[in-house]
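Participant: Mind looking over this structure? Questions follow.
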Amino acid sequence: MSIPKTQKAVIFETNGGPLLYKDIPVPVPKPNEILINVKYSGVCHTDLHAWKGDWPLATKLPLVGGHEGAGIVVAKGSNVTNFEIGDYAGNKWLNGSCMGCEYCQQGAEPNCPDADLSGYTHDGSFQQYATADAVQAAKIPKGTDLAGVAPILCAGVTVYKALKTAELRPGQWVAISGAGGGLGSLAVQYAVAMGLRVLGIDGGDEKAALVKSLGGEAFVDFTKTKDVVAEIQKITNGGPHGVINVSVSPAAISQSCQYVRTLGKVVLVGLPANAVCESPVFEHVVKSIQIRGSYVGNRQDTAEAIDFFTRGLVKSPIKVVGLSELAEVYKLMEKGAIVGRYVLDTSK
């Protein structure tokens, strides 16, 4: 495949600085890397944090963001044996890990202290050609809808792993806090496909309609409900057995510790800057609840999450716009005005 010397990308040189849509060189894959011709890339809240630089982890600068890139392998390094030219592949948040530490050895590669992160410490998918470590790159079956599968590579994998972390059984209640957003809309579908009863929590009629259309059994609108805790416990007859927190509201995260069922599990996923999860110790102990963190997923989680998508059990409610429109997407994201997920077409 002919590979150009330059490509279109969105790059920033300082955190919070101008988002520049410009020509930059096409990267050359290292011996352990593949070069992916990125066709589509999802836009994640993490990308907004990376641009702003408001997390306690420094980004590389200058930086090309993005970590939900779906495309075609056009080149590979000399050591790569698990991908061929023409294969479909994806850039994930976890670009690479050491594979030798105690966490990597037990399949917890995202927790590797030396992890390399796409769109954060490694130039990501907001460009037409991106490199990815062949060990961690996502394998995508040929013929898959690349625009549709892009959000699965982070949002999908993340919520699927969170649901596994909650250790729920079919027929039990799960509350999805932030159910109408990019992660939430996928969490609803994975939960339904896993046989769970889903209660969505979010604000607005549009998000309520989306959650119900995706199989959610109940919806609580926090903008209209006087006592959110009581309403959730009433609907679920005692509280949900698990809560998946994908909202970016610290108050909503702490509130989940109040309405969760006795013996229930609160799973933290969303990462609002400087947030604290508060749980009153007396109730925490007497109800014997558990608070767990869930951080993206490993290679097995990724393969399983993609399989749900290719079998038609989950779909990404997406809106496709050009890569050049990324700054506008960030503005909508900051207002909380995005229903579902925005996907960037790198050709525009």
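Letters A, B, ... mark the chains of the structure tokens in the order given; residue numbers begin at 1 per chain; ligand numbers begin at 1, in order shown.
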Need the shell around range 306-316 of chain A: protein/DNA/RNA residues with any atom at most 9 Å away, counting only C-alpha atoms. Skip same-chain ones fewer than 2 positions apart. Format as a VMD selection string?
Facilitator: chain A and resid 138 to 141 144 to 145 147 to 153 156 to 157 182 185 to 186 189 to 190 192 to 193 214 301 to 304 318 340 to 341
Participant: If DSSP is run on the backbone, what residues of range 222-312 of chain A are strand (DSSP E or B)? A reply as a PyMOL selection string would be ideal.
Facilitator: chain A and resi 242-245+265-268+290-293
Participant: Sort by chain and increasing residue number a table of all residues of range 196-286 of chain A within 12 Å of range 324-339 of chain A, each with its closest pair of atoms and their distance in Å to one decimal, counting only C-alpha atoms, and write it as CSV.
Facilitator:
residue,atom,partner,partner_atom,distance
A:Asp202,CA,A:Val339,CA,10.8
A:Gly203,CA,A:Gly336,CA,10.0
A:Gly204,CA,A:Val339,CA,10.3
A:Asp205,CA,A:Val339,CA,11.1
A:Glu206,CA,A:Val339,CA,7.8
A:Lys207,CA,A:Val339,CA,6.7
A:Ala208,CA,A:Val339,CA,10.4
A:Ala209,CA,A:Val339,CA,10.7
A:Leu210,CA,A:Val339,CA,8.3
A:Val211,CA,A:Val339,CA,10.4
A:Ser247,CA,A:Gly336,CA,10.2
A:Val248,CA,A:Gly336,CA,9.5
A:Ser249,CA,A:Gly336,CA,10.9
A:Pro272,CA,A:Glu334,CA,11.8
Participant: Could you produce a table of the residues of range 192-278 of chain A lying within 12 Å of range 38-54 of chain A, with the nearest pair of atoms per residue and their separation in Å rounded to one decimal, using only C-alpha atoms, ordered by chain and increasing residue number, as JSON lines?
Facilitator:
{"residue": "A:Val246", "atom": "CA", "partner": "A:His45", "partner_atom": "CA", "distance": 10.5}
{"residue": "A:Ser247", "atom": "CA", "partner": "A:His45", "partner_atom": "CA", "distance": 10.4}
{"residue": "A:Val248", "atom": "CA", "partner": "A:His45", "partner_atom": "CA", "distance": 9.2}
{"residue": "A:Val269", "atom": "CA", "partner": "A:Thr46", "partner_atom": "CA", "distance": 11.5}
{"residue": "A:Gly270", "atom": "CA", "partner": "A:His45", "partner_atom": "CA", "distance": 8.9}
{"residue": "A:Leu271", "atom": "CA", "partner": "A:Thr46", "partner_atom": "CA", "distance": 8.2}
{"residue": "A:Pro272", "atom": "CA", "partner": "A:His49", "partner_atom": "CA", "distance": 9.0}
{"residue": "A:Ala273", "atom": "CA", "partner": "A:Asp54", "partner_atom": "CA", "distance": 6.6}
{"residue": "A:Asn274", "atom": "CA", "partner": "A:Asp54", "partner_atom": "CA", "distance": 8.9}
{"residue": "A:Ala275", "atom": "CA", "partner": "A:Asp54", "partner_atom": "CA", "distance": 11.9}
Participant: With the cut-off set at 12 Å and counting only C-alpha atoms, tabulate each residue of range 108-197 of chain A with an atom at most that distance from an atom of range 283-290 of chain A, showing the nearest atom pair and its distance in Å to one decimal, ordered by chain and increasing number, as a tab-separated table.
Facilitator:
residue	atom	partner	partner_atom	distance
A:Thr165	CA	A:Gln290	CA	11.1
A:Ala166	CA	A:Gln290	CA	9.4
A:Glu167	CA	A:Gln290	CA	11.3
Participant: Would you output that residue set with all heavy atoms, as a CSV table (one decimal), in the first residue's frame?
Facilitator:
chain,number,residue,atom,x,y,z
A,165,THR,N,-16.6,-6.2,36.4
A,165,THR,CA,-16.1,-5.9,37.8
A,165,THR,C,-17.2,-5.9,38.8
A,165,THR,O,-16.9,-6.2,40.0
A,165,THR,CB,-15.4,-4.5,37.7
A,165,THR,OG1,-14.3,-4.6,36.8
A,165,THR,CG2,-14.8,-4.1,39.1
A,166,ALA,N,-18.4,-5.5,38.4
A,166,ALA,CA,-19.5,-5.5,39.4
A,166,ALA,C,-20.0,-6.9,39.8
A,166,ALA,O,-20.7,-7.1,40.7
A,166,ALA,CB,-20.7,-4.7,38.8
A,167,GLU,N,-19.6,-7.9,39.0
A,167,GLU,CA,-19.9,-9.3,39.3
A,167,GLU,C,-21.4,-9.5,39.6
A,167,GLU,O,-21.8,-10.1,40.6
A,167,GLU,CB,-19.1,-9.8,40.5
A,167,GLU,CG,-17.6,-9.9,40.2
A,167,GLU,CD,-16.8,-10.4,41.4
A,167,GLU,OE1,-17.1,-10.1,42.5
A,167,GLU,OE2,-15.8,-11.2,41.1
Participant: Any idea what's packed within 8 Å of range 56-62 of chain A, counting only C-alpha atoms, ignoring anything in its chain fewer than 3 positions away? Could you give it as a PDB file with all heavy atoms, in the first residue's frame?
Facilitator:
ATOM      1  N   ILE A  11      -3.458  18.691  16.185  1.00  0.00           N
ATOM      2  CA  ILE A  11      -2.361  18.652  17.148  1.00  0.00           C
ATOM      3  C   ILE A  11      -2.388  19.917  18.004  1.00  0.00           C
ATOM      4  O   ILE A  11      -2.842  20.967  17.553  1.00  0.00           O
ATOM      5  CB  ILE A  11      -1.007  18.514  16.396  1.00  0.00           C
ATOM      6  CG1 ILE A  11       0.153  18.252  17.355  1.00  0.00           C
ATOM      7  CG2 ILE A  11      -0.741  19.718  15.502  1.00  0.00           C
ATOM      8  CD1 ILE A  11       1.449  17.816  16.639  1.00  0.00           C
ATOM      9  N   PHE A  12      -1.978  19.788  19.267  1.00  0.00           N
ATOM     10  CA  PHE A  12      -1.823  20.991  20.099  1.00  0.00           C
ATOM     11  C   PHE A  12      -0.426  20.979  20.703  1.00  0.00           C
ATOM     12  O   PHE A  12       0.145  19.923  20.982  1.00  0.00           O
ATOM     13  CB  PHE A  12      -2.904  21.109  21.178  1.00  0.00           C
ATOM     14  CG  PHE A  12      -3.010  19.947  22.126  1.00  0.00           C
ATOM     15  CD1 PHE A  12      -2.260  19.888  23.291  1.00  0.00           C
ATOM     16  CD2 PHE A  12      -3.901  18.903  21.869  1.00  0.00           C
ATOM     17  CE1 PHE A  12      -2.367  18.818  24.177  1.00  0.00           C
ATOM     18  CE2 PHE A  12      -4.027  17.831  22.744  1.00  0.00           C
ATOM     19  CZ  PHE A  12      -3.257  17.787  23.904  1.00  0.00           C
ATOM     20  N   GLU A  13       0.135  22.199  20.880  1.00  0.00           N
ATOM     21  CA  GLU A  13       1.512  22.330  21.333  1.00  0.00           C
ATOM     22  C   GLU A  13       1.616  22.652  22.821  1.00  0.00           C
ATOM     23  O   GLU A  13       2.668  22.440  23.430  1.00  0.00           O
ATOM     24  CB  GLU A  13       2.221  23.403  20.489  1.00  0.00           C
ATOM     25  CG  GLU A  13       2.349  22.958  19.031  1.00  0.00           C
ATOM     26  CD  GLU A  13       2.835  24.055  18.097  1.00  0.00           C
ATOM     27  OE1 GLU A  13       2.947  25.211  18.560  1.00  0.00           O
ATOM     28  OE2 GLU A  13       3.085  23.743  16.916  1.00  0.00           O
ATOM     29  N   THR A  14       0.525  23.173  23.396  1.00  0.00           N
ATOM     30  CA  THR A  14       0.475  23.425  24.838  1.00  0.00           C
ATOM     31  C   THR A  14      -0.892  22.982  25.341  1.00  0.00           C
ATOM     32  O   THR A  14      -1.876  23.019  24.600  1.00  0.00           O
ATOM     33  CB  THR A  14       0.658  24.922  25.162  1.00  0.00           C
ATOM     34  OG1 THR A  14      -0.350  25.672  24.482  1.00  0.00           O
ATOM     35  CG2 THR A  14       2.030  25.422  24.742  1.00  0.00           C
ATOM     36  N   ALA A  50      -6.955  15.434  28.276  1.00  0.00           N
ATOM     37  CA  ALA A  50      -5.583  15.446  27.750  1.00  0.00           C
ATOM     38  C   ALA A  50      -5.247  16.816  27.160  1.00  0.00           C
ATOM     39  O   ALA A  50      -4.153  17.357  27.386  1.00  0.00           O
ATOM     40  CB  ALA A  50      -5.417  14.360  26.692  1.00  0.00           C
ATOM     41  N   GLY A  53      -5.053  19.258  30.054  1.00  0.00           N
ATOM     42  CA  GLY A  53      -3.957  18.969  30.972  1.00  0.00           C
ATOM     43  C   GLY A  53      -4.361  19.081  32.424  1.00  0.00           C
ATOM     44  O   GLY A  53      -3.555  19.482  33.276  1.00  0.00           O
ATOM     45  N   TYR A 120      -2.111  10.407  24.650  1.00  0.00           N
ATOM     46  CA  TYR A 120      -1.726  10.996  25.950  1.00  0.00           C
ATOM     47  C   TYR A 120      -0.196  11.015  26.094  1.00  0.00           C
ATOM     48  O   TYR A 120       0.406  12.073  26.150  1.00  0.00           O
ATOM     49  CB  TYR A 120      -2.376  10.217  27.099  1.00  0.00           C
ATOM     50  CG  TYR A 120      -2.610  11.059  28.334  1.00  0.00           C
ATOM     51  CD1 TYR A 120      -3.839  11.690  28.546  1.00  0.00           C
ATOM     52  CD2 TYR A 120      -1.637  11.225  29.292  1.00  0.00           C
ATOM     53  CE1 TYR A 120      -4.065  12.485  29.673  1.00  0.00           C
ATOM     54  CE2 TYR A 120      -1.842  12.014  30.421  1.00  0.00           C
ATOM     55  CZ  TYR A 120      -3.057  12.631  30.606  1.00  0.00           C
ATOM     56  OH  TYR A 120      -3.269  13.424  31.716  1.00  0.00           O
ATOM     57  N   THR A 121       0.413   9.836  26.119  1.00  0.00           N
ATOM     58  CA  THR A 121       1.875   9.765  26.115  1.00  0.00           C
ATOM     59  C   THR A 121       2.405   9.296  24.763  1.00  0.00           C
ATOM     60  O   THR A 121       3.615   9.248  24.541  1.00  0.00           O
ATOM     61  CB  THR A 121       2.398   8.820  27.221  1.00  0.00           C
ATOM     62  OG1 THR A 121       1.867   7.501  26.996  1.00  0.00           O
ATOM     63  CG2 THR A 121       1.974   9.305  28.601  1.00  0.00           C
ATOM     64  N   HIS A 122       1.495   8.929  23.855  1.00  0.00           N
ATOM     65  CA  HIS A 122       1.829   8.435  22.516  1.00  0.00           C
ATOM     66  C   HIS A 122       0.840   9.084  21.553  1.00  0.00           C
ATOM     67  O   HIS A 122      -0.366   9.092  21.837  1.00  0.00           O
ATOM     68  CB  HIS A 122       1.679   6.902  22.497  1.00  0.00           C
ATOM     69  CG  HIS A 122       2.096   6.232  21.219  1.00  0.00           C
ATOM     70  ND1 HIS A 122       3.304   5.583  21.093  1.00  0.00           N
ATOM     71  CD2 HIS A 122       1.476   6.093  20.014  1.00  0.00           C
ATOM     72  CE1 HIS A 122       3.397   5.075  19.873  1.00  0.00           C
ATOM     73  NE2 HIS A 122       2.302   5.386  19.209  1.00  0.00           N
TER      74      HIS A 122
END
Participant: In Å, rounded to a single decimal, give me how far CA of Met99 in chain A is from CA of Ala70 in chain A.
Facilitator: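 Between CA of Ala70 in chain A and CA of Met99 in chain A the gap works out to 23.8 Å.
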Participant: Quick one: of A:Asn298, A:Gly16, A:Ala134, A:Asn237, who's nearest to Cys112 in chain A, counting only C-alpha atoms?
Facilitator: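 Checking each candidate against Cys112 in chain A, we get A:Asn298 as the closest.
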Participant: Quick check, in Å to one decimal: how far apart do CA of Asn245 in chain A and CA of Gly66 in chain A lie?
Facilitator: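 Separation between CA of Asn245 in chain A and CA of Gly66 in chain A: 22.2 Å.
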Participant: Just the residues within 12 Å of Ser2 in chain A, please, counting only C-alpha atoms, with nothing from its chain fewer than 6 positions along; format it as a list in words.
Facilitator: Val26, Asn37, Val73, Val74, Ala75 and Ile85 of chain A
Participant: CA of Leu183 in chain A to CA of Gln136 in chain A: how many Å, to one decimal?
Facilitator: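 We find that CA of Leu183 in chain A and CA of Gln136 in chain A lie 21.3 Å from each other.
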Participant: Can you pull out every residue within 6 Å of Ile201 in chain A, counting only C-alpha atoms, but drop anything in the same chain fewer than 2 positions away, and send it as a PDB file with all heavy atoms, in the first residue's frame?
Facilitator:
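Saved as selection33.pdb:
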ATOM      1  N   SER A 177     -25.206   5.375  35.973  1.00  0.00           N
ATOM      2  CA  SER A 177     -25.244   6.810  36.265  1.00  0.00           C
ATOM      3  C   SER A 177     -24.498   7.551  35.162  1.00  0.00           C
ATOM      4  O   SER A 177     -23.292   7.382  34.982  1.00  0.00           O
ATOM      5  CB  SER A 177     -24.599   7.087  37.623  1.00  0.00           C
ATOM      6  OG  SER A 177     -24.623   8.474  37.900  1.00  0.00           O
ATOM      7  N   GLY A 178     -25.242   8.364  34.400  1.00  0.00           N
ATOM      8  CA  GLY A 178     -24.693   8.972  33.183  1.00  0.00           C
ATOM      9  C   GLY A 178     -25.078   8.152  31.970  1.00  0.00           C
ATOM     10  O   GLY A 178     -24.321   8.044  31.007  1.00  0.00           O
ATOM     11  N   ALA A 179     -26.293   7.578  32.006  1.00  0.00           N
ATOM     12  CA  ALA A 179     -26.713   6.570  31.023  1.00  0.00           C
ATOM     13  C   ALA A 179     -26.912   7.106  29.606  1.00  0.00           C
ATOM     14  O   ALA A 179     -26.908   6.343  28.650  1.00  0.00           O
ATOM     15  CB  ALA A 179     -28.010   5.895  31.493  1.00  0.00           C
ATOM     16  N   PHE A 219     -35.908   4.663  34.067  1.00  0.00           N
ATOM     17  CA  PHE A 219     -35.067   5.855  33.928  1.00  0.00           C
ATOM     18  C   PHE A 219     -35.436   6.853  35.017  1.00  0.00           C
ATOM     19  O   PHE A 219     -36.616   7.098  35.267  1.00  0.00           O
ATOM     20  CB  PHE A 219     -35.267   6.497  32.548  1.00  0.00           C
ATOM     21  CG  PHE A 219     -34.349   7.676  32.282  1.00  0.00           C
ATOM     22  CD1 PHE A 219     -33.067   7.473  31.777  1.00  0.00           C
ATOM     23  CD2 PHE A 219     -34.758   8.983  32.536  1.00  0.00           C
ATOM     24  CE1 PHE A 219     -32.211   8.548  31.530  1.00  0.00           C
ATOM     25  CE2 PHE A 219     -33.918  10.062  32.302  1.00  0.00           C
ATOM     26  CZ  PHE A 219     -32.639   9.835  31.788  1.00  0.00           C
ATOM     27  N   VAL A 220     -34.428   7.407  35.664  1.00  0.00           N
ATOM     28  CA  VAL A 220     -34.640   8.453  36.658  1.00  0.00           C
ATOM     29  C   VAL A 220     -33.960   9.721  36.157  1.00  0.00           C
ATOM     30  O   VAL A 220     -32.743   9.728  35.911  1.00  0.00           O
ATOM     31  CB  VAL A 220     -34.073   8.043  38.041  1.00  0.00           C
ATOM     32  CG1 VAL A 220     -34.116   9.222  39.008  1.00  0.00           C
ATOM     33  CG2 VAL A 220     -34.872   6.867  38.606  1.00  0.00           C
TER      34      VAL A 220
END
Participant: Write out as a PyMOL selection string each polymer residue whose atoms come within 12 Å of Ser256 in chain A, counting only C-alpha atoms; drop sequence neighbours fewer than 6 positions from it.
Facilitator: chain A and resi 174-178+201+228-230+232-233+239-247+249-250+264-268+277-280+284+289-291
Participant: DSSP says alpha helix (DSSP H) for which residues of range 294-344 of chain A? Put them as a PyMOL selection string?
Facilitator: chain A and resi 299-310+326-335
